[in-house]
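Asks: Following this line is target.txt, made up of compact mmCIF, C-alpha atoms and all ligand atoms:
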# COMPACT_ATOMS: atom_id res chain seq x y z
CA MET A 1 0.00 0.00 0.00
CA THR A 2 1.28 3.45 -0.81
CA HIS A 3 2.40 5.70 1.98
CA GLN A 4 -0.11 8.24 3.25
CA THR A 5 0.42 11.11 5.70
CA LEU A 6 -2.43 12.76 7.56
CA LEU A 7 -1.96 16.26 8.97
CA LEU A 8 -4.37 17.06 11.80
CA GLY A 9 -5.22 20.47 13.24
CA PRO A 10 -6.98 23.69 12.27
CA THR A 11 -7.03 24.11 8.47
CA LEU A 12 -7.49 27.15 6.22
CA LEU A 13 -9.76 26.24 3.30
CA PHE A 14 -10.96 28.16 0.24
CA THR A 15 -14.19 27.42 -1.59
CA GLY A 16 -14.21 30.47 -3.84
CA THR A 17 -12.36 33.70 -4.53
CA PRO A 18 -12.68 36.92 -2.55
CA MET A 19 -11.98 38.76 -5.83
CA THR A 20 -15.61 38.25 -6.76
CA ALA A 21 -17.38 37.37 -3.50
CA ALA A 22 -17.37 38.36 0.15
CA TRP A 23 -14.54 36.57 1.95
CA GLU A 24 -17.00 35.01 4.44
CA ASP A 25 -18.57 33.10 1.56
CA CYS A 26 -15.36 31.54 0.34
CA ILE A 27 -12.76 31.21 3.11
CA GLN A 28 -13.07 29.12 6.28
CA ILE A 29 -11.03 27.85 9.19
CA THR A 30 -11.96 24.28 10.18
CA ALA A 31 -11.03 23.81 13.83
CA ASP A 32 -10.43 20.04 13.77
CA GLY A 33 -9.42 19.58 10.18
CA GLY A 34 -7.34 17.04 8.34
CA ILE A 35 -5.26 16.97 5.16
CA LEU A 36 -4.38 13.60 3.66
CA MET A 37 -1.29 13.44 1.44
CA GLU A 38 -0.01 10.73 -0.82
CA GLY A 39 2.67 10.76 -3.53
CA GLY A 40 3.31 14.49 -3.12
CA MET A 41 -0.35 15.36 -3.61
CA ILE A 42 -3.27 16.26 -1.39
CA VAL A 43 -5.73 13.40 -1.80
CA ASP A 44 -8.41 14.20 0.77
CA VAL A 45 -9.46 17.14 2.95
CA GLY A 46 -12.06 17.23 5.69
CA GLN A 47 -12.73 16.65 9.36
CA GLY A 48 -9.77 15.16 11.18
CA ASP A 49 -11.73 12.43 12.97
CA VAL A 50 -13.41 11.26 9.76
CA LEU A 51 -10.11 11.11 7.88
CA THR A 52 -8.47 9.29 10.80
CA ARG A 53 -11.23 6.66 10.74
CA ASN A 54 -11.17 6.26 6.97
CA HIS A 55 -7.38 6.05 6.69
CA PRO A 56 -6.18 4.14 9.74
CA ALA A 57 -2.84 3.22 8.13
CA ALA A 58 -1.85 6.83 7.39
CA GLN A 59 1.05 8.28 9.35
CA ARG A 60 -0.43 11.00 11.56
CA VAL A 61 1.14 14.38 12.32
CA SER A 62 -0.88 16.48 14.78
CA TYR A 63 -0.58 20.21 15.26
CA GLY A 64 -2.12 21.90 18.29
CA ALA A 65 -5.19 24.12 18.43
CA ASP A 66 -2.96 27.21 18.37
CA HIS A 67 -1.63 26.23 14.93
CA LEU A 68 -3.05 26.71 11.45
CA ILE A 69 -2.39 24.41 8.49
CA CYS A 70 -2.24 26.67 5.42
CA PRO A 71 -1.27 26.43 1.77
CA GLY A 72 2.44 27.20 1.33
CA PHE A 73 3.03 30.86 0.54
CA VAL A 74 3.43 31.82 -3.12
CA ASP A 75 5.64 34.87 -3.75
CA ALA A 76 4.74 36.17 -7.20
CA HIS A 77 7.64 38.59 -7.84
CA VAL A 78 11.17 38.29 -6.47
CA HIS A 79 14.77 38.84 -7.50
CA TYR A 80 16.77 36.01 -5.95
CA PRO A 81 20.10 37.58 -7.09
CA GLN A 82 19.45 40.54 -4.76
CA THR A 83 19.45 38.40 -1.61
CA ALA A 84 22.75 39.75 -0.29
CA ILE A 85 21.84 43.44 -0.78
CA ILE A 86 18.38 43.41 0.83
CA ALA A 87 17.79 46.43 3.09
CA SER A 88 20.30 48.76 1.40
CA TRP A 89 19.88 52.31 2.59
CA GLY A 90 18.77 55.58 1.16
CA LYS A 91 18.08 55.33 -2.59
CA ARG A 92 15.10 55.51 -4.87
CA LEU A 93 14.55 53.11 -7.74
CA ILE A 94 17.00 54.13 -10.46
CA ASP A 95 19.80 55.06 -8.01
CA TRP A 96 19.08 51.92 -6.02
CA LEU A 97 19.49 49.81 -9.16
CA ASN A 98 22.76 51.50 -10.15
CA THR A 99 24.26 51.71 -6.66
CA TYR A 100 23.34 48.39 -5.06
CA THR A 101 21.60 46.06 -7.50
CA PHE A 102 23.67 46.05 -10.65
CA PRO A 103 27.04 45.61 -8.85
CA GLU A 104 25.62 42.63 -6.94
CA GLU A 105 23.99 41.13 -10.04
CA MET A 106 27.43 41.38 -11.69
CA ARG A 107 28.80 39.01 -9.04
CA LEU A 108 26.49 36.29 -10.36
CA SER A 109 28.70 36.13 -13.47
CA ASP A 110 30.42 33.48 -11.32
CA PRO A 111 28.23 30.35 -11.61
CA ALA A 112 29.35 29.06 -8.21
CA TYR A 113 28.25 32.31 -6.57
CA ALA A 114 24.91 32.14 -8.41
CA THR A 115 24.33 28.60 -7.11
CA MET A 116 25.24 29.60 -3.57
CA ILE A 117 22.85 32.58 -3.64
CA ALA A 118 20.04 30.54 -5.23
CA ASN A 119 20.28 27.98 -2.43
CA ARG A 120 20.54 30.68 0.22
CA TYR A 121 17.42 32.32 -1.20
CA LEU A 122 15.41 29.10 -1.18
CA ASP A 123 16.60 28.35 2.38
CA LEU A 124 15.57 31.80 3.64
CA THR A 125 12.20 31.82 1.92
CA ARG A 126 11.37 28.25 2.94
CA ALA A 127 12.14 29.21 6.54
CA ALA A 128 9.57 31.98 6.05
CA GLY A 129 6.96 29.50 4.84
CA THR A 130 7.26 30.22 1.11
CA THR A 131 7.04 27.16 -1.11
CA THR A 132 6.95 28.79 -4.57
CA VAL A 133 8.60 31.92 -5.93
CA ALA A 134 8.45 33.60 -9.33
CA SER A 135 11.93 35.04 -9.70
CA TYR A 136 13.91 37.26 -11.96
CA CYS A 137 17.45 35.98 -12.42
CA THR A 138 20.39 38.01 -13.78
CA VAL A 139 21.33 38.56 -17.42
CA HIS A 140 23.49 35.41 -17.23
CA ALA A 141 21.73 32.29 -18.52
CA HIS A 142 23.53 30.22 -15.88
CA SER A 143 21.82 32.25 -13.13
CA ALA A 144 18.50 30.78 -14.30
CA ASP A 145 20.01 27.28 -14.40
CA ALA A 146 21.24 27.83 -10.82
CA LEU A 147 17.75 28.59 -9.48
CA PHE A 148 15.97 25.92 -11.51
CA GLN A 149 18.52 23.34 -10.35
CA ALA A 150 18.33 24.38 -6.69
CA ALA A 151 14.52 24.20 -6.81
CA ALA A 152 14.57 20.82 -8.59
CA GLN A 153 16.82 19.40 -5.86
CA ARG A 154 14.12 20.37 -3.34
CA ASN A 155 11.31 19.16 -5.60
CA GLN A 156 10.01 22.71 -5.32
CA ARG A 157 7.70 24.43 -7.79
CA VAL A 158 9.36 27.52 -9.25
CA VAL A 159 8.84 30.12 -11.96
CA ALA A 160 11.92 31.96 -13.26
CA GLY A 161 13.54 33.58 -16.24
CA LYS A 162 16.82 35.04 -17.32
CA THR A 163 16.58 38.84 -17.06
CA CYS A 164 17.04 40.59 -20.40
CA MET A 165 18.73 44.03 -20.64
CA ASP A 166 20.49 45.48 -23.68
CA ARG A 167 20.86 49.13 -22.65
CA ASN A 168 21.13 51.42 -19.62
CA ALA A 169 22.93 48.75 -17.64
CA PRO A 170 26.67 48.37 -17.07
CA GLU A 171 29.00 46.42 -19.32
CA GLY A 172 28.85 42.83 -18.17
CA LEU A 173 25.11 42.97 -17.44
CA ARG A 174 23.98 43.60 -21.00
CA ASP A 175 22.87 41.08 -23.59
CA THR A 176 21.55 41.91 -27.08
CA ALA A 177 18.17 41.50 -28.73
CA GLN A 178 19.44 38.36 -30.46
CA SER A 179 21.24 36.79 -27.49
CA ALA A 180 18.29 37.52 -25.18
CA TYR A 181 16.06 35.69 -27.65
CA ASP A 182 18.51 32.79 -28.14
CA ASP A 183 19.38 32.32 -24.46
CA SER A 184 15.76 32.57 -23.31
CA LYS A 185 14.68 30.09 -25.99
CA ALA A 186 17.38 27.62 -24.95
CA LEU A 187 16.32 27.96 -21.29
CA ILE A 188 12.68 27.36 -22.21
CA ALA A 189 13.71 24.15 -23.99
CA LEU A 190 15.74 23.07 -20.96
CA TRP A 191 13.43 24.00 -18.11
CA HIS A 192 9.85 24.92 -19.07
CA GLY A 193 7.56 22.14 -17.88
CA LYS A 194 10.45 20.09 -16.57
CA GLY A 195 9.37 18.66 -13.21
CA ARG A 196 7.86 21.53 -11.24
CA ALA A 197 9.58 24.34 -13.19
CA SER A 198 8.05 26.86 -15.52
CA TYR A 199 9.68 29.61 -17.51
CA ALA A 200 8.84 33.31 -17.54
CA ILE A 201 10.20 35.41 -20.39
CA THR A 202 11.75 38.32 -18.49
CA PRO A 203 12.52 41.72 -19.99
CA ARG A 204 13.59 43.63 -16.85
CA PHE A 205 11.67 46.81 -17.76
CA SER A 206 11.37 49.14 -20.73
CA PRO A 207 14.28 51.43 -19.74
CA THR A 208 16.80 48.57 -19.94
CA SER A 209 15.56 47.09 -23.22
CA THR A 210 15.74 48.58 -26.71
CA PRO A 211 12.56 48.37 -28.79
CA ASP A 212 14.40 45.70 -30.81
CA GLN A 213 14.88 43.57 -27.71
CA LEU A 214 11.26 43.96 -26.62
CA ALA A 215 10.18 42.94 -30.15
CA ALA A 216 12.47 39.89 -30.09
CA LEU A 217 11.02 38.80 -26.74
CA GLY A 218 7.48 39.45 -28.00
CA ALA A 219 8.24 37.13 -30.94
CA LEU A 220 9.65 34.51 -28.58
CA TRP A 221 6.53 34.66 -26.40
CA ALA A 222 4.34 34.21 -29.50
CA GLU A 223 6.29 31.01 -30.20
CA HIS A 224 5.87 29.85 -26.58
CA PRO A 225 2.49 31.21 -25.51
CA ASP A 226 2.26 28.89 -22.52
CA CYS A 227 5.20 30.66 -20.87
CA LEU A 228 4.57 33.58 -18.55
CA MET A 229 6.02 37.01 -19.35
CA GLN A 230 7.11 39.03 -16.30
CA THR A 231 8.28 42.63 -16.18
CA HIS A 232 7.96 45.88 -14.21
CA LEU A 233 5.35 48.56 -14.86
CA SER A 234 4.86 52.09 -13.47
CA GLU A 235 6.69 51.71 -10.19
CA GLN A 236 8.00 55.26 -9.67
CA THR A 237 7.16 58.60 -11.24
CA ASP A 238 10.80 59.29 -12.25
CA GLU A 239 10.91 55.94 -13.98
CA ILE A 240 7.70 56.74 -15.88
CA ALA A 241 9.14 60.08 -17.04
CA TRP A 242 12.28 58.25 -18.24
CA VAL A 243 10.15 55.75 -20.18
CA ARG A 244 8.36 58.68 -21.82
CA ASP A 245 11.73 60.06 -23.00
CA LEU A 246 12.97 56.69 -24.21
CA TYR A 247 9.75 55.80 -26.09
CA PRO A 248 8.43 59.13 -27.41
CA THR A 249 5.74 57.57 -29.57
CA ALA A 250 4.27 55.31 -26.87
CA ARG A 251 0.85 56.32 -25.49
CA ASP A 252 1.91 55.36 -21.96
CA TYR A 253 4.25 52.94 -20.15
CA LEU A 254 2.13 49.86 -20.86
CA ASP A 255 2.15 50.74 -24.56
CA THR A 256 5.93 50.19 -24.69
CA TYR A 257 5.18 46.52 -23.96
CA GLU A 258 1.94 46.34 -25.92
CA ALA A 259 3.59 47.67 -29.10
CA HIS A 260 6.05 44.77 -28.98
CA GLY A 261 3.68 41.88 -28.33
CA LEU A 262 4.30 41.87 -24.58
CA ILE A 263 0.78 41.92 -23.23
CA GLY A 264 -1.67 39.07 -22.79
CA GLU A 265 -3.29 36.71 -20.31
CA ARG A 266 0.00 35.31 -19.13
CA ALA A 267 1.64 38.70 -18.58
CA LEU A 268 2.65 39.63 -15.03
CA PHE A 269 3.25 43.29 -14.34
CA GLY A 270 5.13 43.98 -11.10
CA HIS A 271 4.23 47.08 -9.03
CA ALA A 272 1.70 48.76 -11.41
CA ILE A 273 1.18 51.69 -9.05
CA HIS A 274 0.88 54.88 -11.11
CA LEU A 275 -1.43 53.60 -13.83
CA GLU A 276 -3.39 55.70 -16.30
CA ASN A 277 -6.99 54.80 -17.13
CA ARG A 278 -6.08 53.41 -20.53
CA GLU A 279 -3.51 51.13 -18.94
CA ILE A 280 -6.02 49.79 -16.43
CA ASP A 281 -8.54 49.22 -19.21
CA ARG A 282 -6.01 47.32 -21.33
CA ILE A 283 -4.83 45.17 -18.42
CA ALA A 284 -8.44 44.31 -17.60
CA GLU A 285 -9.31 43.55 -21.26
CA THR A 286 -6.32 41.32 -21.84
CA GLY A 287 -6.58 39.35 -18.59
CA ALA A 288 -3.01 40.20 -17.56
CA ALA A 289 -2.13 40.07 -13.86
CA VAL A 290 -0.52 42.70 -11.63
CA VAL A 291 1.65 42.00 -8.62
CA HIS A 292 1.46 44.01 -5.40
CA CYS A 293 4.88 44.42 -3.74
CA PRO A 294 4.01 46.39 -0.61
CA THR A 295 7.26 46.27 1.40
CA SER A 296 9.20 47.27 -1.69
CA ASN A 297 6.79 50.05 -2.56
CA THR A 298 7.23 51.65 0.84
CA PHE A 299 10.94 50.84 1.21
CA ILE A 300 12.00 52.33 -2.15
CA GLY A 301 9.36 55.03 -1.80
CA SER A 302 7.34 54.09 -4.88
CA GLY A 303 3.73 54.69 -3.85
CA LEU A 304 0.46 53.14 -2.69
CA PHE A 305 -0.89 50.33 -4.87
CA ASP A 306 -4.65 50.60 -5.52
CA LEU A 307 -5.69 47.07 -4.63
CA ALA A 308 -9.38 47.84 -4.19
CA GLY A 309 -9.59 49.71 -7.51
CA LEU A 310 -7.84 47.00 -9.53
CA ARG A 311 -9.77 44.22 -7.79
CA ALA A 312 -13.01 45.96 -8.69
CA ARG A 313 -11.94 45.63 -12.34
CA GLN A 314 -11.43 41.86 -11.82
CA ILE A 315 -7.73 42.15 -12.57
CA PRO A 316 -5.87 39.16 -11.09
CA ILE A 317 -3.57 40.34 -8.30
CA GLY A 318 -0.58 38.51 -6.88
CA LEU A 319 1.28 39.38 -3.69
CA ALA A 320 5.06 39.52 -3.54
CA THR A 321 8.09 40.47 -1.49
CA ASP A 322 10.07 41.87 -4.47
CA THR A 323 13.22 41.01 -2.51
CA GLY A 324 15.78 42.69 -2.46
CA GLY A 325 13.82 45.88 -3.26
CA GLY A 326 11.38 44.58 -0.68
CA SER A 327 12.66 44.64 2.86
CA SER A 328 11.62 41.16 4.03
CA PHE A 329 11.72 37.56 2.78
CA SER A 330 8.53 36.88 4.76
CA MET A 331 5.08 36.78 3.22
CA LEU A 332 3.70 37.42 6.73
CA ARG A 333 5.50 40.77 6.81
CA THR A 334 4.35 41.34 3.22
CA MET A 335 0.70 40.75 4.18
CA ALA A 336 1.16 43.20 7.06
CA ALA A 337 2.49 45.83 4.66
CA ALA A 338 -0.41 45.17 2.27
CA TYR A 339 -2.78 45.72 5.19
CA GLU A 340 -1.05 49.00 6.10
CA ILE A 341 -1.15 50.28 2.53
CA GLY A 342 -4.82 49.28 2.35
CA GLN A 343 -5.46 51.33 5.48
CA LEU A 344 -3.69 54.36 3.97
CA ARG A 345 -6.01 53.99 0.95
CA GLY A 346 -9.17 53.41 2.99
CA THR A 347 -9.60 49.65 2.60
CA ALA A 348 -9.05 47.36 5.61
CA LEU A 349 -8.17 43.98 4.13
CA HIS A 350 -9.31 41.06 6.26
CA ALA A 351 -6.89 38.37 7.46
CA ALA A 352 -8.73 35.92 5.21
CA GLU A 353 -8.22 38.14 2.16
CA LEU A 354 -4.54 38.65 2.99
CA MET A 355 -3.96 34.92 3.32
CA TRP A 356 -5.80 34.29 0.06
CA LEU A 357 -3.63 36.85 -1.74
CA ALA A 358 -0.44 35.24 -0.38
CA THR A 359 -1.49 31.76 -1.54
CA ALA A 360 -4.31 31.16 -4.04
CA GLY A 361 -4.26 34.74 -5.35
CA SER A 362 -0.58 34.65 -6.15
CA ALA A 363 -0.98 31.16 -7.63
CA ARG A 364 -3.75 32.53 -9.88
CA SER A 365 -1.53 35.36 -11.06
CA LEU A 366 1.05 32.72 -12.07
CA HIS A 367 -1.61 30.53 -13.76
CA LEU A 368 -0.86 27.80 -11.22
CA GLN A 369 -4.28 28.00 -9.56
CA ASP A 370 -5.07 24.38 -10.39
CA LYS A 371 -1.84 23.08 -8.85
CA ILE A 372 -0.85 25.11 -5.77
CA GLY A 373 -2.20 27.74 -3.38
CA GLN A 374 -5.02 25.70 -1.83
CA LEU A 375 -5.52 22.79 0.52
CA LYS A 376 -7.70 20.82 -1.83
CA SER A 377 -7.83 17.30 -3.15
CA GLY A 378 -5.84 17.04 -6.40
CA PHE A 379 -3.50 19.89 -5.49
CA GLU A 380 0.22 19.55 -4.89
CA ALA A 381 1.04 19.09 -1.21
CA ASP A 382 2.89 22.37 -0.53
CA ILE A 383 1.84 23.28 3.00
CA THR A 384 2.94 25.75 5.66
CA VAL A 385 1.90 25.29 9.27
CA LEU A 386 1.71 28.48 11.33
CA ASN A 387 2.19 28.64 15.07
CA LEU A 388 -0.26 31.38 16.09
CA ALA A 389 1.44 31.97 19.45
CA SER A 390 5.07 32.10 18.32
CA THR A 391 6.30 34.98 20.49
CA PRO A 392 5.27 36.34 23.90
CA ALA A 393 3.86 39.46 22.26
CA ILE A 394 1.67 37.47 19.89
CA ALA A 395 0.69 34.86 22.52
CA GLN A 396 -0.61 37.50 24.92
CA ARG A 397 -2.66 39.10 22.13
CA VAL A 398 -4.12 35.72 21.17
CA GLN A 399 -5.43 35.30 24.73
CA LYS A 400 -7.81 38.16 23.97
CA ALA A 401 -8.78 36.86 20.52
CA GLU A 402 -12.51 36.56 19.96
CA ASN A 403 -12.23 34.18 17.03
CA PRO A 404 -9.58 32.37 14.94
CA TRP A 405 -9.32 35.30 12.53
CA ASP A 406 -8.21 37.58 15.39
CA SER A 407 -5.46 35.12 16.26
CA LEU A 408 -4.35 34.79 12.66
CA PHE A 409 -4.33 38.56 12.20
CA ALA A 410 -1.93 38.99 15.14
CA THR A 411 0.52 36.61 13.46
CA ILE A 412 0.11 38.35 10.11
CA MET A 413 0.90 41.71 11.69
CA MET A 414 3.60 40.66 14.15
CA GLY A 415 4.86 37.25 13.00
CA ASP A 416 8.13 36.28 11.36
CA ASP A 417 9.97 33.04 10.68
CA ARG A 418 9.42 31.99 14.32
CA ALA A 419 5.76 31.57 13.38
CA ILE A 420 6.59 28.92 10.76
CA ALA A 421 6.08 25.67 12.68
CA ASP A 422 6.52 23.34 9.73
CA VAL A 423 6.76 23.27 5.94
CA TRP A 424 5.84 20.46 3.56
CA ILE A 425 7.01 20.58 -0.06
CA ALA A 426 5.41 18.07 -2.44
CA GLY A 427 4.40 16.07 0.61
CA ALA A 428 7.92 15.97 2.09
CA GLN A 429 8.39 17.39 5.58
CA GLN A 430 11.17 19.96 5.61
CA GLY A 431 11.74 19.73 9.37
CA LYS A 432 13.56 22.37 11.34
CA LEU A 433 15.12 24.50 8.72
CA PRO A 434 18.87 25.03 8.47
CA PRO A 435 20.22 28.54 8.78
CA ALA A 436 21.48 30.12 5.59
CA PRO A 437 25.25 29.77 4.94
N1 LIG B 1 12.61 47.85 -11.88
C1 LIG B 1 13.56 47.32 -12.71
N2 LIG B 1 14.34 46.46 -12.06
C2 LIG B 1 13.92 46.42 -10.79
C3 LIG B 1 14.33 45.70 -9.63
O1 LIG B 1 15.28 44.92 -9.64
N3 LIG B 1 13.62 45.93 -8.50
C4 LIG B 1 12.56 46.80 -8.45
N4 LIG B 1 11.91 46.97 -7.32
N5 LIG B 1 12.17 47.48 -9.52
C5 LIG B 1 12.82 47.29 -10.68
ZN ZN B 2 11.06 43.58 -9.20
Take the structure in the file and give it back as structure tokens.
Ligand code: GUN
Ligand code: ZN

Replies:
Amino acid sequence: MTHQTLLLGPTLLFTGTPMTAAWEDCIQITADGGILMEGGMIVDVGQGDVLTRNHPAAQRVSYGADHLICPGFVDAHVHYPQTAIIASWGKRLIDWLNTYTFPEEMRLSDPAYATMIANRYLDLTRAAGTTTVASYCTVHAHSADALFQAAAQRNQRVVAGKTCMDRNAPEGLRDTAQSAYDDSKALIALWHGKGRASYAITPRFSPTSTPDQLAALGALWAEHPDCLMQTHLSEQTDEIAWVRDLYPTARDYLDTYEAHGLIGERALFGHAIHLENREIDRIAETGAAVVHCPTSNTFIGSGLFDLAGLRARQIPIGLATDTGGGSSFSMLRTMAAAYEIGQLRGTALHAAELMWLATAGSARSLHLQDKIGQLKSGFEADITVLNLASTPAIAQRVQKAENPWDSLFATIMMGDDRAIADVWIAGAQQGKLPPAP
């Protein structure tokens, strides 16, 4: 008989999406829940006692009443090469890129360094409860190999792409229109759909690509329409003014992508803060997704993402750390920042909505909504177990909690990697997680 594992404890379950319905109608906490896993998949979900009775041979792992069994966190926009320069002081976007980011990305010209950083990144994010990331790599094709390989060794689902830049970046970090096309195509052949990997065609952003490069990548995407295409859009006002200078005939920032075949259902636009009405209309019409990067948007001083406005247009929204522009590897801290930005814009996001964004919502933005992001039969068994009383400060707040959502909200606002009690990736328990090298 095949090996089954049964997780017992409070479970966070989704029956619908809070994009189109009230959260109360689609998100629940089951106090005495159970999740049955087999062969890396979730094969049954329900009441713990019923599952225990029906599957007496399953290995049982019980978590206490002050825990919550959740889908693993899905971080929809990150830069793993920026791990070592996270929390660098004092710059806004373009200066931050030139001062901190590009010199560090240059160091990944050494494949051994790229492999070390890729593993460090996956260690740090797994310790924070994240089981899937969608990452930019550097311009070097081997930096994408490094992340795909590190993720494959952990049997971890990952989305990534070689970053393409053929101007406004230092010597050593530039490719060309042709080499970006060739290298990305070769990486797609190597990695896209291999195991749990998928490829995202990755022009960094319009300022670092010539129109020729954007056109080459648009052509590549047309040849591989099942790949994602990830890039940055309208993050800072100075950046938008620069795009206007670089692309004088474009109607707006989005048009620099649109004119080169870089818009569509599988497009992922990071940040998307200072959007014009036409841009919002086009994103909504095409079904493209946007990614909210709240700790980055406050840290680099970019602005306040309009989650409520974009959600009202039914635009898929992912949630992301944007490390190292973001200031934390933790999706808990990222949910807290999303809550704070919501408050500044007049919308108090509920704990249930925040958790949905960090799991199923991000999975939807990556078109992985049928595979990850939910505790549901037929889904891959990527699971994070939260301890909802992980520090004295949180534990004393939980004593006053009136319901499970109150308890969860305290961990969202105040929790960190101490709140991650356990992580399962494709049904394999990760155990107590090793510190990064
Ligand atoms: N825009 C272009 N590149 C980057 C990057 O690496 N981080 C952020 N936050 N914005 C960008
Ligand atoms: Zn980014």

Asks: Counting only C-alpha atoms, which of A:Asp226, A:Glu258, A:Glu276, A:Glu24 gets nearest to Leu366 (chain A)?

Replies: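 Residue with the minimum atom-to-atom distance to Leu366 (chain A): A:Asp226.
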
Asks: For chain A versus ligand ZN 2 (chain B), which residues have an atom no more than 10 Å away, and what is each residue's nearest atom pair and distance in Å rounded to one decimal, using all atoms listed in the file, chain-then-number order, as a tab-separated table?

Replies:
residue	atom	partner	partner_atom	distance
A:Ala76	CA	B:ZN2	ZN	9.9
A:His77	CA	B:ZN2	ZN	6.2
A:Val78	CA	B:ZN2	ZN	6.0
A:His79	CA	B:ZN2	ZN	6.3
A:Gln82	CA	B:ZN2	ZN	10.0
A:Ser135	CA	B:ZN2	ZN	8.6
A:Tyr136	CA	B:ZN2	ZN	7.5
A:Arg204	CA	B:ZN2	ZN	8.1
A:Phe205	CA	B:ZN2	ZN	9.2
A:Gln230	CA	B:ZN2	ZN	9.3
A:Thr231	CA	B:ZN2	ZN	7.6
A:His232	CA	B:ZN2	ZN	6.3
A:Leu233	CA	B:ZN2	ZN	9.5
A:Glu235	CA	B:ZN2	ZN	9.3
A:Phe269	CA	B:ZN2	ZN	9.4
A:Gly270	CA	B:ZN2	ZN	6.2
A:His271	CA	B:ZN2	ZN	7.7
A:Val291	CA	B:ZN2	ZN	9.6
A:Cys293	CA	B:ZN2	ZN	8.3
A:Ser296	CA	B:ZN2	ZN	8.6
A:Ala320	CA	B:ZN2	ZN	9.2
A:Thr321	CA	B:ZN2	ZN	8.8
A:Asp322	CA	B:ZN2	ZN	5.1
A:Thr323	CA	B:ZN2	ZN	7.5
A:Gly324	CA	B:ZN2	ZN	8.3
A:Gly325	CA	B:ZN2	ZN	6.9
A:Gly326	CA	B:ZN2	ZN	8.6

Asks: Please determine, counting all atoms listed in the file, which residue among A:Gly39, A:Ala358, A:Ala426, A:Gly218 has the shortest atom-to-atom distance to Gln153 (chain A).

Replies: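 Among the listed residues, the smallest separation from Gln153 (chain A) belongs to A:Ala426.
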
Asks: Calculated over only C-alpha atoms and all ligand atoms, which of the candidates A:Asn387, A:Gln429, A:Thr298, A:Ser198 has the smallest distance to ligand LIG 1 (chain B)?

Replies: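 The answer is A:Thr298, which sits nearest to ligand LIG 1 (chain B).
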
Asks: Which of these, A:Leu254, A:Ala352, A:Thr15, A:Ala419, has the shortest distance to Arg333 (chain A) once you count all atoms listed in the file?

Replies: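 Residue with the minimum atom-to-atom distance to Arg333 (chain A): A:Ala419.
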
Asks: For ligand LIG 1 (chain B), which of A:Arg53, A:Lys400, A:Lys194, A:Arg92 is the closest residue, counting all atoms listed in the file?

Replies: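 Checking each of A:Arg53, A:Lys400, A:Lys194, A:Arg92 against ligand LIG 1 (chain B), counting all atoms listed in the file, the winner is A:Arg92.
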
Asks: In terms of the shortest atom-to-atom distance over all atoms listed in the file, which of A:Gly301, A:Gly287, A:Pro170, A:Gly264 is closest to ligand LIG 1 (chain B)?

Replies: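 Smallest separation from ligand LIG 1 (chain B) among the options: A:Gly301.
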
Asks: In Å, with one decimal, what is the gap from CA of Lys162 (chain A) to CA of Ala141 (chain A)?

Replies: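 Spanning CA of Lys162 (chain A) to CA of Ala141 (chain A) is a straight-line distance of 5.8 Å.
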